[in-house]
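Shown next: work.pdb, given as PDB, C-alpha atoms.
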ATOM      1  CA  MET U   1      22.617 -14.555  14.838
ATOM      2  CA  LYS U   2      19.753 -15.164  17.190
ATOM      3  CA  ILE U   3      19.248 -15.582  20.895
ATOM      4  CA  GLY U   4      17.418 -18.698  22.001
ATOM      5  CA  ARG U   5      16.863 -21.056  24.863
ATOM      6  CA  VAL U   6      17.517 -24.785  24.806
ATOM      7  CA  VAL U   7      14.127 -26.426  25.413
ATOM      8  CA  GLY U   8      14.786 -29.964  24.273
ATOM      9  CA  ARG U   9      16.718 -32.428  22.219
ATOM     10  CA  VAL U  10      16.086 -34.149  18.914
ATOM     11  CA  VAL U  11      17.384 -37.692  18.601
ATOM     12  CA  SER U  12      18.058 -39.129  15.170
ATOM     13  CA  THR U  13      19.827 -42.239  13.927
ATOM     14  CA  ILE U  14      19.291 -42.063  10.198
ATOM     15  CA  GLN U  15      20.677 -38.718   9.146
ATOM     16  CA  ALA U  16      23.027 -36.893   6.824
ATOM     17  CA  PRO U  17      26.627 -37.858   7.720
ATOM     18  CA  VAL U  18      27.500 -34.380   9.033
ATOM     19  CA  PHE U  19      25.118 -34.882  11.984
ATOM     20  CA  ALA U  20      26.692 -38.129  13.163
ATOM     21  CA  GLY U  21      27.969 -37.739  16.710
ATOM     22  CA  ARG U  22      26.554 -34.230  17.066
ATOM     23  CA  ARG U  23      23.820 -33.140  19.448
ATOM     24  CA  LEU U  24      20.711 -31.579  17.994
ATOM     25  CA  LEU U  25      19.105 -29.042  20.297
ATOM     26  CA  MET U  26      15.553 -27.801  20.088
ATOM     27  CA  CYS U  27      15.825 -24.070  20.744
ATOM     28  CA  GLU U  28      12.995 -21.614  21.213
ATOM     29  CA  LEU U  29      13.803 -18.110  20.031
ATOM     30  CA  LEU U  30      13.853 -15.174  22.414
ATOM     31  CA  ASP U  31      13.199 -11.495  21.810
ATOM     32  CA  ALA U  32      15.844  -8.814  22.339
ATOM     33  CA  GLY U  33      14.943  -8.584  26.022
ATOM     34  CA  GLY U  34      15.483 -12.300  26.514
ATOM     35  CA  GLU U  35      11.799 -13.156  26.763
ATOM     36  CA  PRO U  36      10.344 -16.146  24.866
ATOM     37  CA  LEU U  37       8.437 -15.139  21.747
ATOM     38  CA  ASP U  38       5.556 -17.301  23.012
ATOM     39  CA  ASP U  39       5.023 -18.713  19.548
ATOM     40  CA  PRO U  40       5.574 -22.455  18.970
ATOM     41  CA  ARG U  41       6.602 -21.636  15.396
ATOM     42  CA  ALA U  42       9.554 -19.576  16.630
ATOM     43  CA  TYR U  43      12.101 -22.338  17.096
ATOM     44  CA  THR U  44      14.994 -23.938  15.345
ATOM     45  CA  ILE U  45      16.794 -27.230  15.576
ATOM     46  CA  ALA U  46      20.447 -26.334  15.990
ATOM     47  CA  VAL U  47      23.613 -28.390  16.174
ATOM     48  CA  ASP U  48      25.486 -27.940  19.441
ATOM     49  CA  SER U  49      29.097 -26.808  19.204
ATOM     50  CA  VAL U  50      29.699 -25.565  22.754
ATOM     51  CA  GLY U  51      28.105 -28.136  25.073
ATOM     52  CA  ALA U  52      24.973 -26.139  25.875
ATOM     53  CA  GLY U  53      22.615 -27.698  28.399
ATOM     54  CA  ALA U  54      18.927 -27.764  29.220
ATOM     55  CA  GLY U  55      17.328 -24.366  29.718
ATOM     56  CA  GLU U  56      20.419 -22.360  28.867
ATOM     57  CA  VAL U  57      20.195 -19.149  26.882
ATOM     58  CA  VAL U  58      22.343 -19.555  23.803
ATOM     59  CA  LEU U  59      23.642 -17.725  20.764
ATOM     60  CA  ILE U  60      22.390 -19.362  17.578
ATOM     61  CA  LEU U  61      24.046 -19.021  14.221
ATOM     62  CA  ASP U  62      21.608 -19.544  11.344
ATOM     63  CA  GLU U  63      23.759 -19.307   8.265
ATOM     64  CA  GLY U  64      25.198 -22.191   6.320
ATOM     65  CA  ASN U  65      28.627 -20.983   5.295
ATOM     66  CA  SER U  66      29.595 -20.138   8.852
ATOM     67  CA  ALA U  67      28.222 -23.431  10.129
ATOM     68  CA  ARG U  68      30.251 -25.339   7.554
ATOM     69  CA  GLN U  69      33.375 -23.492   8.654
ATOM     70  CA  ILE U  70      32.783 -24.667  12.221
ATOM     71  CA  VAL U  71      32.339 -28.300  11.243
ATOM     72  CA  GLY U  72      35.219 -28.013   8.801
ATOM     73  CA  LEU U  73      33.393 -29.299   5.754
ATOM     74  CA  ALA U  74      33.097 -27.512   2.429
ATOM     75  CA  ALA U  75      29.761 -29.092   1.594
ATOM     76  CA  ALA U  76      27.347 -30.133   4.321
ATOM     77  CA  PRO U  77      23.595 -29.588   4.755
ATOM     78  CA  ILE U  78      23.993 -27.784   8.037
ATOM     79  CA  ARG U  79      22.732 -24.339   8.850
ATOM     80  CA  ALA U  80      21.670 -23.642  12.443
ATOM     81  CA  MET U  81      24.279 -24.052  15.131
ATOM     82  CA  VAL U  82      24.589 -23.148  18.805
ATOM     83  CA  VAL U  83      27.829 -21.191  19.018
ATOM     84  CA  GLY U  84      27.738 -19.678  22.483
ATOM     85  CA  VAL U  85      26.162 -19.723  25.924
ATOM     86  CA  VAL U  86      24.840 -16.300  26.871
ATOM     87  CA  ASP U  87      25.792 -14.997  30.303
ATOM     88  CA  ARG U  88      23.900 -11.740  30.137
ATOM     89  CA  VAL U  89      22.133  -9.480  27.680
ATOM     90  CA  ASP U  90      22.131  -5.742  28.317
ATOM     91  CA  HIS U  91      19.296  -4.306  26.352
ATOM     92  CA  GLY U  92      17.508  -1.021  25.928
ATOM     93  CA  TYR U  93      20.212   1.624  25.553
ATOM     94  CA  ALA U  94      18.494   4.764  24.299
TER      95      ALA U  94
ATOM     96  CA  MET Z   1      16.378 -26.816  10.675
ATOM     97  CA  GLN Z   2      12.734 -27.606  11.337
ATOM     98  CA  LEU Z   3      10.590 -30.595  12.180
ATOM     99  CA  ALA Z   4       8.257 -31.940   9.505
ATOM    100  CA  VAL Z   5       6.140 -34.993   8.809
ATOM    101  CA  VAL Z   6       6.115 -36.824   5.476
ATOM    102  CA  ILE Z   7       2.604 -36.660   3.997
ATOM    103  CA  GLY Z   8       3.126 -37.618   0.367
ATOM    104  CA  THR Z   9       5.337 -38.526  -2.541
ATOM    105  CA  VAL Z  10       6.031 -36.690  -5.788
ATOM    106  CA  VAL Z  11       6.853 -38.763  -8.839
ATOM    107  CA  ALA Z  12       8.568 -36.909 -11.675
ATOM    108  CA  THR Z  13      10.190 -38.550 -14.642
ATOM    109  CA  VAL Z  14      11.446 -35.447 -16.379
ATOM    110  CA  LYS Z  15      13.706 -33.638 -13.958
ATOM    111  CA  SER Z  16      16.518 -31.137 -13.989
ATOM    112  CA  GLU Z  17      19.957 -32.543 -14.629
ATOM    113  CA  GLY Z  18      21.564 -33.947 -11.491
ATOM    114  CA  LEU Z  19      18.287 -34.994  -9.903
ATOM    115  CA  ALA Z  20      18.112 -38.482 -11.369
ATOM    116  CA  GLY Z  21      17.365 -40.983  -8.647
ATOM    117  CA  VAL Z  22      16.441 -38.325  -6.106
ATOM    118  CA  ARG Z  23      13.187 -38.970  -4.257
ATOM    119  CA  PHE Z  24      10.849 -36.074  -3.629
ATOM    120  CA  LEU Z  25       8.457 -36.175  -0.697
ATOM    121  CA  ILE Z  26       5.750 -33.781   0.387
ATOM    122  CA  VAL Z  27       6.384 -32.705   3.943
ATOM    123  CA  GLN Z  28       4.275 -30.674   6.333
ATOM    124  CA  PRO Z  29       6.423 -28.400   8.503
ATOM    125  CA  LEU Z  30       5.659 -28.615  12.227
ATOM    126  CA  ASP Z  31       6.037 -26.291  15.171
ATOM    127  CA  ARG Z  32       8.002 -27.433  18.211
ATOM    128  CA  HIS Z  33       4.960 -29.134  19.671
ATOM    129  CA  GLN Z  34       4.631 -31.037  16.395
ATOM    130  CA  ALA Z  35       1.491 -29.210  15.287
ATOM    131  CA  PRO Z  36       1.306 -28.375  11.552
ATOM    132  CA  VAL Z  37       2.422 -24.880  10.639
ATOM    133  CA  GLY Z  38       2.317 -23.283   7.198
ATOM    134  CA  ARG Z  39       1.869 -25.003   3.889
ATOM    135  CA  PRO Z  40       3.370 -28.338   2.881
ATOM    136  CA  VAL Z  41       6.519 -28.218   0.769
ATOM    137  CA  VAL Z  42       8.247 -30.643  -1.550
ATOM    138  CA  ALA Z  43      11.571 -31.768  -0.119
ATOM    139  CA  ALA Z  44      14.290 -33.959  -1.583
ATOM    140  CA  ASP Z  45      14.939 -37.024   0.539
ATOM    141  CA  ALA Z  46      18.651 -36.762   1.308
ATOM    142  CA  VAL Z  47      18.655 -39.757   3.640
ATOM    143  CA  ALA Z  48      16.879 -41.874   0.991
ATOM    144  CA  MET Z  49      15.024 -43.722   3.727
ATOM    145  CA  ALA Z  50      12.179 -41.455   4.838
ATOM    146  CA  GLY Z  51       8.722 -42.938   4.442
ATOM    147  CA  PRO Z  52       5.095 -41.873   4.765
ATOM    148  CA  GLY Z  53       4.144 -40.535   8.159
ATOM    149  CA  GLU Z  54       7.677 -40.300   9.441
ATOM    150  CA  LEU Z  55       8.817 -37.442  11.594
ATOM    151  CA  VAL Z  56      11.871 -35.864   9.983
ATOM    152  CA  TYR Z  57      13.914 -32.708  10.150
ATOM    153  CA  ILE Z  58      14.428 -30.580   7.109
ATOM    154  CA  VAL Z  59      16.858 -27.913   6.060
ATOM    155  CA  GLY Z  60      16.014 -25.142   3.627
ATOM    156  CA  SER Z  61      17.673 -22.764   1.184
ATOM    157  CA  ARG Z  62      21.205 -23.317  -0.168
ATOM    158  CA  GLU Z  63      22.003 -25.930   2.466
ATOM    159  CA  ALA Z  64      19.330 -28.250   1.093
ATOM    160  CA  ALA Z  65      21.267 -28.855  -2.125
ATOM    161  CA  GLN Z  66      24.387 -29.602  -0.118
ATOM    162  CA  ALA Z  67      22.639 -32.629   1.319
ATOM    163  CA  MET Z  68      22.454 -34.244  -2.099
ATOM    164  CA  PRO Z  69      25.104 -36.487  -3.643
ATOM    165  CA  GLU Z  70      25.583 -33.848  -6.339
ATOM    166  CA  PRO Z  71      25.652 -30.558  -4.390
ATOM    167  CA  PHE Z  72      24.909 -28.194  -7.275
ATOM    168  CA  VAL Z  73      21.316 -29.157  -7.938
ATOM    169  CA  PRO Z  74      18.128 -27.082  -7.877
ATOM    170  CA  VAL Z  75      16.782 -28.215  -4.514
ATOM    171  CA  ASP Z  76      15.487 -25.806  -1.859
ATOM    172  CA  HIS Z  77      14.292 -28.152   0.898
ATOM    173  CA  ALA Z  78      15.854 -31.435   1.906
ATOM    174  CA  ILE Z  79      15.122 -34.080   4.512
ATOM    175  CA  VAL Z  80      18.415 -34.491   6.363
ATOM    176  CA  GLY Z  81      17.382 -36.786   9.208
ATOM    177  CA  ILE Z  82      14.687 -39.087  10.487
ATOM    178  CA  VAL Z  83      13.659 -38.244  14.034
ATOM    179  CA  ASP Z  84      13.669 -41.060  16.576
ATOM    180  CA  ALA Z  85      12.529 -38.900  19.466
ATOM    181  CA  VAL Z  86      12.003 -35.313  20.510
ATOM    182  CA  SER Z  87      12.496 -34.785  24.211
ATOM    183  CA  LEU Z  88      11.348 -31.486  25.600
ATOM    184  CA  TYR Z  89      12.756 -30.430  28.941
ATOM    185  CA  GLY Z  90      10.028 -29.932  31.488
ATOM    186  CA  ALA Z  91       9.875 -27.117  34.026
ATOM    187  CA  ALA Z  92      12.042 -29.187  36.370
ATOM    188  CA  GLY Z  93      14.564 -29.940  33.668
ATOM    189  CA  SER Z  94      13.313 -33.480  33.141
ATOM    190  CA  GLU Z  95      12.818 -34.890  29.686
ATOM    191  CA  SER Z  96       9.423 -35.856  28.359
ATOM    192  CA  ALA Z  97       7.503 -36.586  25.154
ATOM    193  CA  GLY Z  98       8.563 -38.805  22.302
ATOM    194  CA  ALA Z  99       8.380 -38.723  18.537
ATOM    195  CA  GLY Z 100       4.845 -40.075  18.642
ATOM    196  CA  ALA Z 101       3.584 -37.463  21.080
ATOM    197  CA  ALA Z 102       1.470 -35.619  18.516
ATOM    198  CA  GLY Z 103       0.177 -38.735  16.842
ATOM    199  CA  HIS Z 104       2.569 -38.806  13.923
ATOM    200  CA  GLY Z 105       3.454 -42.210  12.649
ATOM    201  CA  PRO Z 106       2.516 -44.474   9.781
ATOM    202  CA  ASP Z 107      -0.991 -44.917  11.158
ATOM    203  CA  ALA Z 108      -1.610 -41.227  11.766
ATOM    204  CA  ALA Z 109      -0.360 -40.314   8.301
ATOM    205  CA  ALA Z 110      -2.556 -42.898   6.626
ATOM    206  CA  GLY Z 111      -5.535 -41.135   8.126
ATOM    207  CA  ALA Z 112      -4.305 -37.713   7.054
ATOM    208  CA  GLY Z 113      -3.314 -38.747   3.543
TER     209      GLY Z 113
END

For this file, produce the structure as structure tokens.
Amino acid sequence: MKIGRVVGRVVSTIQAPVFAGRRLLMCELLDAGGEPLDDPRAYTIAVDSVGAGAGEVVLILDEGNSARQIVGLAAAPIRAMVVGVVDRVDHGYA
Amino acid sequence: MQLAVVIGTVVATVKSEGLAGVRFLIVQPLDRHQAPVGRPVVAADAVAMAGPGELVYIVGSREAAQAMPEPFVPVDHAIVGIVDAVSLYGAAGSESAGAGAAGHGPDAAAGAG
């Protein structure tokens, strides 16, 4: 799983059926300390499953089997999913 | 899932079993500001409606094949949606920028093709 921040939304009408009625969030990826990687390539488009909002730090799942379990479909072209809103990250234990 | 723009078409008559009728498009992956990043890849068009110059989102690896009507096919990238708009939240939380922000569209692609 990855830590990211919701930086935008992707709107789509013509799409694979699994995405119908689901929000697609543009998420930038953060490093372990919660800082942006400052690289426009470090992002993913993830399906929202928790109601995450603009600017929130989120937990991103990037694995298909788990994502399909959440949507309850055995076969669906879905991989990245926002599965949590991060309250706090404690980082740097020696 | 990543953003990409359709930059070409691949026509193949002889294909692996299960891929009959599947359209293959060449897509250029984009970063989140819609600037090209990395090399173009060939992606199966799972929505069957993507056209030249369109902004799409793609899924890779095992999930790509699951987008196809027959899910056990040798496909490693698939177009799973056509993007209407990308709205990036500004510093104040407002939304800005549309799908055409970086100049992608039928006209832009014609110039790049």

query: How far is it from CA of Asp90 in chain U to CA of Asn65 in chain U, in Å with one decimal?
result: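 Here the two named atoms are 28.4 Å from each other.
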
Using the file's own x, y and z axes, so that the box edges lie along x, y and z, what centre and edge lengths in Å (one decimal) does a box around every listed atom of range 52-61 of chain U get when 8 Å is added on each side? Give it as JSON.
{"center_x": 21.2, "center_y": -22.7, "center_z": 22.0, "size_x": 23.6, "size_y": 26.0, "size_z": 31.5}

query: So how far away is CA of Gly8 in chain Z from CA of Arg41 in chain U, in Å?
result: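 Between CA of Arg41 in chain U and CA of Gly8 in chain Z the gap works out to 22.2 Å.
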
Shortest interatomic distance to chain U - which of Z:Ala35, Z:Val73, Z:Ala43, Z:Val10, counting all atoms listed in the file: Z:Ala35

- request: Determine the residue membership of the ChimeraX specification (/U :<6) & /Z for the file above and supply it as a ChimeraX atom specification.
  value: /Z:1-2,31-32,47,63-64,66-67,80-89

Pull C-alpha atoms from the residues just selected and write them as a PDB file, in the coordinates of the input.
ATOM      1  CA  MET Z   1      16.378 -26.816  10.675  1.00  0.00           C
ATOM      2  CA  GLN Z   2      12.734 -27.606  11.337  1.00  0.00           C
ATOM      3  CA  ASP Z  31       6.037 -26.291  15.171  1.00  0.00           C
ATOM      4  CA  ARG Z  32       8.002 -27.433  18.211  1.00  0.00           C
ATOM      5  CA  VAL Z  47      18.655 -39.757   3.640  1.00  0.00           C
ATOM      6  CA  GLU Z  63      22.003 -25.930   2.466  1.00  0.00           C
ATOM      7  CA  ALA Z  64      19.330 -28.250   1.093  1.00  0.00           C
ATOM      8  CA  GLN Z  66      24.387 -29.602  -0.118  1.00  0.00           C
ATOM      9  CA  ALA Z  67      22.639 -32.629   1.319  1.00  0.00           C
ATOM     10  CA  VAL Z  80      18.415 -34.491   6.363  1.00  0.00           C
ATOM     11  CA  GLY Z  81      17.382 -36.786   9.208  1.00  0.00           C
ATOM     12  CA  ILE Z  82      14.687 -39.087  10.487  1.00  0.00           C
ATOM     13  CA  VAL Z  83      13.659 -38.244  14.034  1.00  0.00           C
ATOM     14  CA  ASP Z  84      13.669 -41.060  16.576  1.00  0.00           C
ATOM     15  CA  ALA Z  85      12.529 -38.900  19.466  1.00  0.00           C
ATOM     16  CA  VAL Z  86      12.003 -35.313  20.510  1.00  0.00           C
ATOM     17  CA  SER Z  87      12.496 -34.785  24.211  1.00  0.00           C
ATOM     18  CA  LEU Z  88      11.348 -31.486  25.600  1.00  0.00           C
ATOM     19  CA  TYR Z  89      12.756 -30.430  28.941  1.00  0.00           C
TER      20      TYR Z  89
END

message: Quick check on the file I pasted: which residues fall under the PyMOL selection byres ((chain Z and resi 6) around 9)? Write them as a list in words.
response: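 Written out, the selection comes to Ala4, Val5, Ile7, Gly8, Thr9, Leu25, Ile26, Val27, Gln28, Pro29, Ala50, Gly51, Pro52, Gly53, Glu54, Leu55, Val56 and Ala109 of chain Z.
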
message: Since I can't run it myself right now, could you work out what the PyMOL selection byres ((chain U and resi 89) around 12) selects here and report it as a list in words?
response: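 So the PyMOL selection byres ((chain U and resi 89) around 12) ends up selecting Ile3, Gly4, Leu30, Asp31, Ala32, Gly33, Gly34, Glu35, Val57, Val58, Leu59, Val85, Val86, Asp87, Arg88, Asp90, His91, Gly92 and Tyr93 of chain U.
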
statement: Expressed in Å, the length from CA of Val11 in chain Z to CA of Val42 in chain Z is 11.0 Å
